[in-house]
Amino acid sequence: VASLSSFLGMACYNRFAKDMKYRHIFIVGSLAYMVVNCLSAVVFLRLNLRLHISDGLFMVASSGMQSAIGQLTWMPCTVMLAQLCPKGLESTMYALLASSMNLGMAIANYAGAFLLEYLGVNPRGADNEGAQFEYLWVAALISACGPCVPLLLVNVLIPDAKQSDRLLDKDEDDSSATVGSLWEQW
């Protein structure tokens, strides 16, 4: 399901989002991802059963939407990085990106574990401990909003340009982060 959903996300990107501005697609994508992540709270509150939707179907559909939206928002990242990466540093840039993502995931995992402990969601696997999950929906909503925190820096860090625009032109533009660096002087 995840692979098919990722393919759907790529197709949607190619059809609808490839001509959007970077800022717009990051903002819309992050907000859509937050909304889809909030659907976990629906399952934890058992609201899906009131709508006569089984847990399995609801979670598969929710997971598929997360994968599609994740791929849709990942594509402009790769386009932007491909344009901003200095020549000869492609593998270093990819390693930096991968390590940054791994660090972010590790921090998110520790923050999530702390949040669950703080909310008292710490089941031990014993019988009749359903009360341990009373505030799991709160944790789901907080974790859904977490990826929207970087939106505060979109205007500072993300160029206000279409994805088809050239971001850096070395011959005419001295705004590159590498202009005058030791790498270019060497």
# chains A, B, ... in the order shown; residues from 1 in each chain; ligands from 1

call {"tool": "residues_around", "arguments": {"residues": "A:Leu152", "least_positions_apart": "6", "cutoff": "12 Å", "atoms": "only C-alpha atoms", "output": "compact mmCIF listing (two decimals) with N, CA and C atoms, in the first residue's frame"}}
result
# COMPACT_ATOMS: atom_id res chain seq x y z
N ARG A 23 7.47 27.60 -1.60
CA ARG A 23 6.83 27.95 -0.32
C ARG A 23 5.41 27.43 -0.26
N PHE A 26 5.25 23.62 0.19
CA PHE A 26 5.67 23.19 1.53
C PHE A 26 4.60 23.51 2.57
N ILE A 27 3.99 24.66 2.47
CA ILE A 27 2.95 25.03 3.43
C ILE A 27 1.73 24.14 3.27
N SER A 30 2.57 20.48 4.26
CA SER A 30 2.70 20.29 5.71
C SER A 30 1.34 20.32 6.40
N GLY A 146 3.40 18.64 15.27
CA GLY A 146 4.85 18.83 15.33
C GLY A 146 5.50 19.16 14.01
N ILE A 158 13.11 29.08 2.60
CA ILE A 158 12.66 28.52 1.33
C ILE A 158 12.51 29.66 0.31

call {"tool": "select_by_dssp", "arguments": {"residues": "stretch 75-147 of chain A", "states": "helix (DSSP H, G or I)", "output": "PyMOL selection string"}}
result
chain A and resi 75-84+90-118+130-133+136-147

call {"tool": "closest_residue", "arguments": {"among": "A:Gly70, A:Gly29, A:Phe7, A:Leu84", "to": "A:Leu168", "atoms": "only C-alpha atoms"}}
result
A:Leu84

call {"tool": "closest_residue", "arguments": {"among": "A:Ala41, A:Cys85, A:Ala144, A:Leu72", "to": "A:Met59", "atoms": "only C-alpha atoms"}}
result
A:Ala41

call {"tool": "closest_residue", "arguments": {"among": "A:Phe58, A:Phe44, A:Thr73, A:Phe114", "to": "A:Phe16", "atoms": "only C-alpha atoms"}}
result
A:Thr73

call {"tool": "atom_distance", "arguments": {"atom1": "atom CA of A:Ala61", "atom2": "atom CA of A:Asp19"}}
result
27.5 Å

call {"tool": "residues_around", "arguments": {"residues": "A:Leu115", "least_positions_apart": "4", "cutoff": "10 Å", "atoms": "only C-alpha atoms", "output": "JSON, numbers by chain"}}
result
{"A": [109, 110, 111, 119, 120, 121, 136, 138, 139, 140, 142, 143]}

call {"tool": "write_last_selection", "arguments": {"atoms": "N, CA, C and O atoms", "output": "PDB file, in the first residue's frame"}}
result
ATOM      1  N   ASN A 109      11.402  10.577  17.981  1.00  0.00           N
ATOM      2  CA  ASN A 109      11.108   9.360  18.743  1.00  0.00           C
ATOM      3  C   ASN A 109      11.274   9.588  20.235  1.00  0.00           C
ATOM      4  O   ASN A 109      10.430   9.160  21.033  1.00  0.00           O
ATOM      5  N   TYR A 110      12.345  10.262  20.641  1.00  0.00           N
ATOM      6  CA  TYR A 110      12.560  10.535  22.062  1.00  0.00           C
ATOM      7  C   TYR A 110      11.505  11.501  22.604  1.00  0.00           C
ATOM      8  O   TYR A 110      11.014  11.336  23.719  1.00  0.00           O
ATOM      9  N   ALA A 111      11.168  12.515  21.819  1.00  0.00           N
ATOM     10  CA  ALA A 111      10.132  13.458  22.240  1.00  0.00           C
ATOM     11  C   ALA A 111       8.785  12.750  22.371  1.00  0.00           C
ATOM     12  O   ALA A 111       8.019  13.007  23.311  1.00  0.00           O
ATOM     13  N   LEU A 119       1.942  11.947  29.535  1.00  0.00           N
ATOM     14  CA  LEU A 119       0.477  11.796  29.482  1.00  0.00           C
ATOM     15  C   LEU A 119      -0.005  10.531  30.187  1.00  0.00           C
ATOM     16  O   LEU A 119      -1.208  10.291  30.259  1.00  0.00           O
ATOM     17  N   GLY A 120       0.906   9.736  30.687  1.00  0.00           N
ATOM     18  CA  GLY A 120       0.521   8.521  31.405  1.00  0.00           C
ATOM     19  C   GLY A 120       0.132   7.371  30.492  1.00  0.00           C
ATOM     20  O   GLY A 120      -0.560   6.455  30.920  1.00  0.00           O
ATOM     21  N   VAL A 121       0.570   7.412  29.255  1.00  0.00           N
ATOM     22  CA  VAL A 121       0.288   6.327  28.318  1.00  0.00           C
ATOM     23  C   VAL A 121       1.500   5.399  28.341  1.00  0.00           C
ATOM     24  O   VAL A 121       2.408   5.518  27.538  1.00  0.00           O
ATOM     25  N   LEU A 136      -4.130   8.861  24.738  1.00  0.00           N
ATOM     26  CA  LEU A 136      -3.362   8.570  23.530  1.00  0.00           C
ATOM     27  C   LEU A 136      -3.777   9.485  22.380  1.00  0.00           C
ATOM     28  O   LEU A 136      -2.940   9.896  21.571  1.00  0.00           O
ATOM     29  N   VAL A 138      -4.590  12.568  22.624  1.00  0.00           N
ATOM     30  CA  VAL A 138      -3.918  13.858  22.822  1.00  0.00           C
ATOM     31  C   VAL A 138      -2.498  13.784  22.253  1.00  0.00           C
ATOM     32  O   VAL A 138      -2.044  14.696  21.555  1.00  0.00           O
ATOM     33  N   ALA A 139      -1.815  12.680  22.545  1.00  0.00           N
ATOM     34  CA  ALA A 139      -0.457  12.492  22.006  1.00  0.00           C
ATOM     35  C   ALA A 139      -0.483  12.474  20.481  1.00  0.00           C
ATOM     36  O   ALA A 139       0.420  13.033  19.836  1.00  0.00           O
ATOM     37  N   ALA A 140      -1.505  11.846  19.908  1.00  0.00           N
ATOM     38  CA  ALA A 140      -1.615  11.787  18.443  1.00  0.00           C
ATOM     39  C   ALA A 140      -1.802  13.178  17.849  1.00  0.00           C
ATOM     40  O   ALA A 140      -1.189  13.510  16.822  1.00  0.00           O
ATOM     41  N   ILE A 142      -0.886  16.097  19.225  1.00  0.00           N
ATOM     42  CA  ILE A 142       0.343  16.870  19.419  1.00  0.00           C
ATOM     43  C   ILE A 142       1.400  16.443  18.407  1.00  0.00           C
ATOM     44  O   ILE A 142       2.070  17.281  17.795  1.00  0.00           O
ATOM     45  N   SER A 143       1.538  15.142  18.209  1.00  0.00           N
ATOM     46  CA  SER A 143       2.545  14.670  17.254  1.00  0.00           C
ATOM     47  C   SER A 143       2.170  15.034  15.823  1.00  0.00           C
ATOM     48  O   SER A 143       3.043  15.209  14.967  1.00  0.00           O
TER      49      SER A 143
END

call {"tool": "closest_residue", "arguments": {"among": "A:Val79, A:Cys12, A:Leu116, A:Cys148", "to": "A:Asp165", "atoms": "only C-alpha atoms"}}
result
A:Val79

call {"tool": "atom_distance", "arguments": {"atom1": "atom CA of A:Ile25", "atom2": "atom CA of A:Ala161"}}
result
10.9 Å
